[in-house]
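Engineer: Below you'll find the structure I mean.
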Amino acid sequence: MGWIARRVVIGVAVFLFPIVAAAQTPVDVALVLAVDASGSIDEAEFALQKEGIALAVTDPVIVSAVRAGARRRIAIAYVEWGAPGAPRLVVDWTIIADKASAESFAAALLAAPRSAQSYNAIGDAIVLAVNLIETCPCKPMRSVIDISGDNRDLRSLIPAPLARDVAVKAGITINALAILQDDR
């Protein structure tokens with residue numbers, strides 16, 4: 001093996017070591033929060049979703065519940081979705097184990113700008129969430145997708161029922177929150 005090949009192998013090993021080490025972290029739940037950022041969501045509705053998540057994650061009752069779990073921590077990732085084929089991971093996997101880690105996640109979430117999205121492609125959001133759970137750098141006891149939205153699946157590359165079926169077959173729980181609008 002030449003010196004270039006050895007350097008590449010060493011570089012890849014050094015790069016992957018944190019991922020392998022993190023994969024050993026047991027968590028009670030791996031949770032993907034998938035938030036509708038499509039064009040049908042106005043700024044107030046979008047802020048309500050983000051601020052609601054930040055308040056929930058940092059709520060002392062929630063932090064206590066996390067601390068009471070068997071593994072005393074959870075992993076959360078935050079996704080924004082809307083455009084077909086373009087759901088976006090906004091806040092990567094974060095371990096929540098105490099007030100400080102919950103506040104850190106909430107701060108990252110609130111600081112992130114809204115991603116540019118259009119239409120309503122719920123199926124694509126579920127596909128991304130399933131992929132994130134499958135590659136989660138933790139060992140969860142349970143896997144959950146919480147998805148919020150205000151409209152039916154209009155333009156997904158993968159239809160929502162098919163994406164849901166894949167998630168369910170993988171043992172992932174999907175919770176949904178409908179955002180109701182006054183004009184409908």
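Ordering of the structure tokens sets the chain letters (A, B, ...); residue numbers start at 1 within each chain; ligands are numbered from 1 in the order shown.
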So which residues touch Asp150 of chain A within 10 Å, counting only C-alpha atoms, skipping near sequence neighbours fewer than 4 positions away, as number ranges by chain?
Structural biologist: A: 36-38, 40-41, 45, 120, 177-181
Engineer: Using only C-alpha atoms, which protein or nucleic acid residues come within 7 Å of Val144 of chain A? Drop anything in the same chain fewer than 6 positions from it, and give the result as a short mmCIF file (atom, residue, chain, number, x, y, z; two decimals) with C-alpha atoms, in the first residue's frame.
Structural biologist:
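Once everything was written out, this is selection22.cif:
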data_model
loop_
_atom_site.label_atom_id
_atom_site.label_comp_id
_atom_site.auth_asym_id
_atom_site.auth_seq_id
_atom_site.Cartn_x
_atom_site.Cartn_y
_atom_site.Cartn_z
CA ALA A 30 -34.49 8.78 18.55
CA LEU A 31 -36.92 11.54 17.57
CA VAL A 32 -37.10 13.36 14.24
CA ILE A 172 -40.91 3.69 13.61
CA THR A 173 -43.85 5.45 15.25
CA ILE A 174 -45.24 8.44 13.35
#
Engineer: What does the distance between atom CA of Gly52 of chain A and atom CA of Gly69 of chain A come to in Å, to one decimal place?
Structural biologist: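 Going from atom CA of Gly52 of chain A over to atom CA of Gly69 of chain A covers 22.4 Å.
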Engineer: Hey, what does DSSP flag as helix (DSSP H, G or I) within segment 5-121 of chain A? Can you give it to me as a ChimeraX atom specification?
Structural biologist: /A:5-23,43-58,60-68,99-111
Engineer: Tell me which protein, DNA and RNA residues are within 8 Å of Ile95 of chain A, counting only C-alpha atoms, leaving out same-chain ones fewer than 3 positions away, and put them as a list in words.
Structural biologist: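 Listed by chain and then number, they are Arg73, Ile74, Ala75, Ile76 and Ser101 of chain A.
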Engineer: Could you pull the residues within 8 Å of segment 61-65 of chain A, counting only C-alpha atoms, minus those fewer than 6 positions along the same chain, as a PyMOL selection string?
Structural biologist: chain A and resi 97-99+102
Engineer: Per DSSP on the backbone, what are the strand (DSSP E) residues of segment 5-171 of chain A, as an MDAnalysis selection string?
Structural biologist: chainID A and resid 25:36 74:81 88:96 138:149
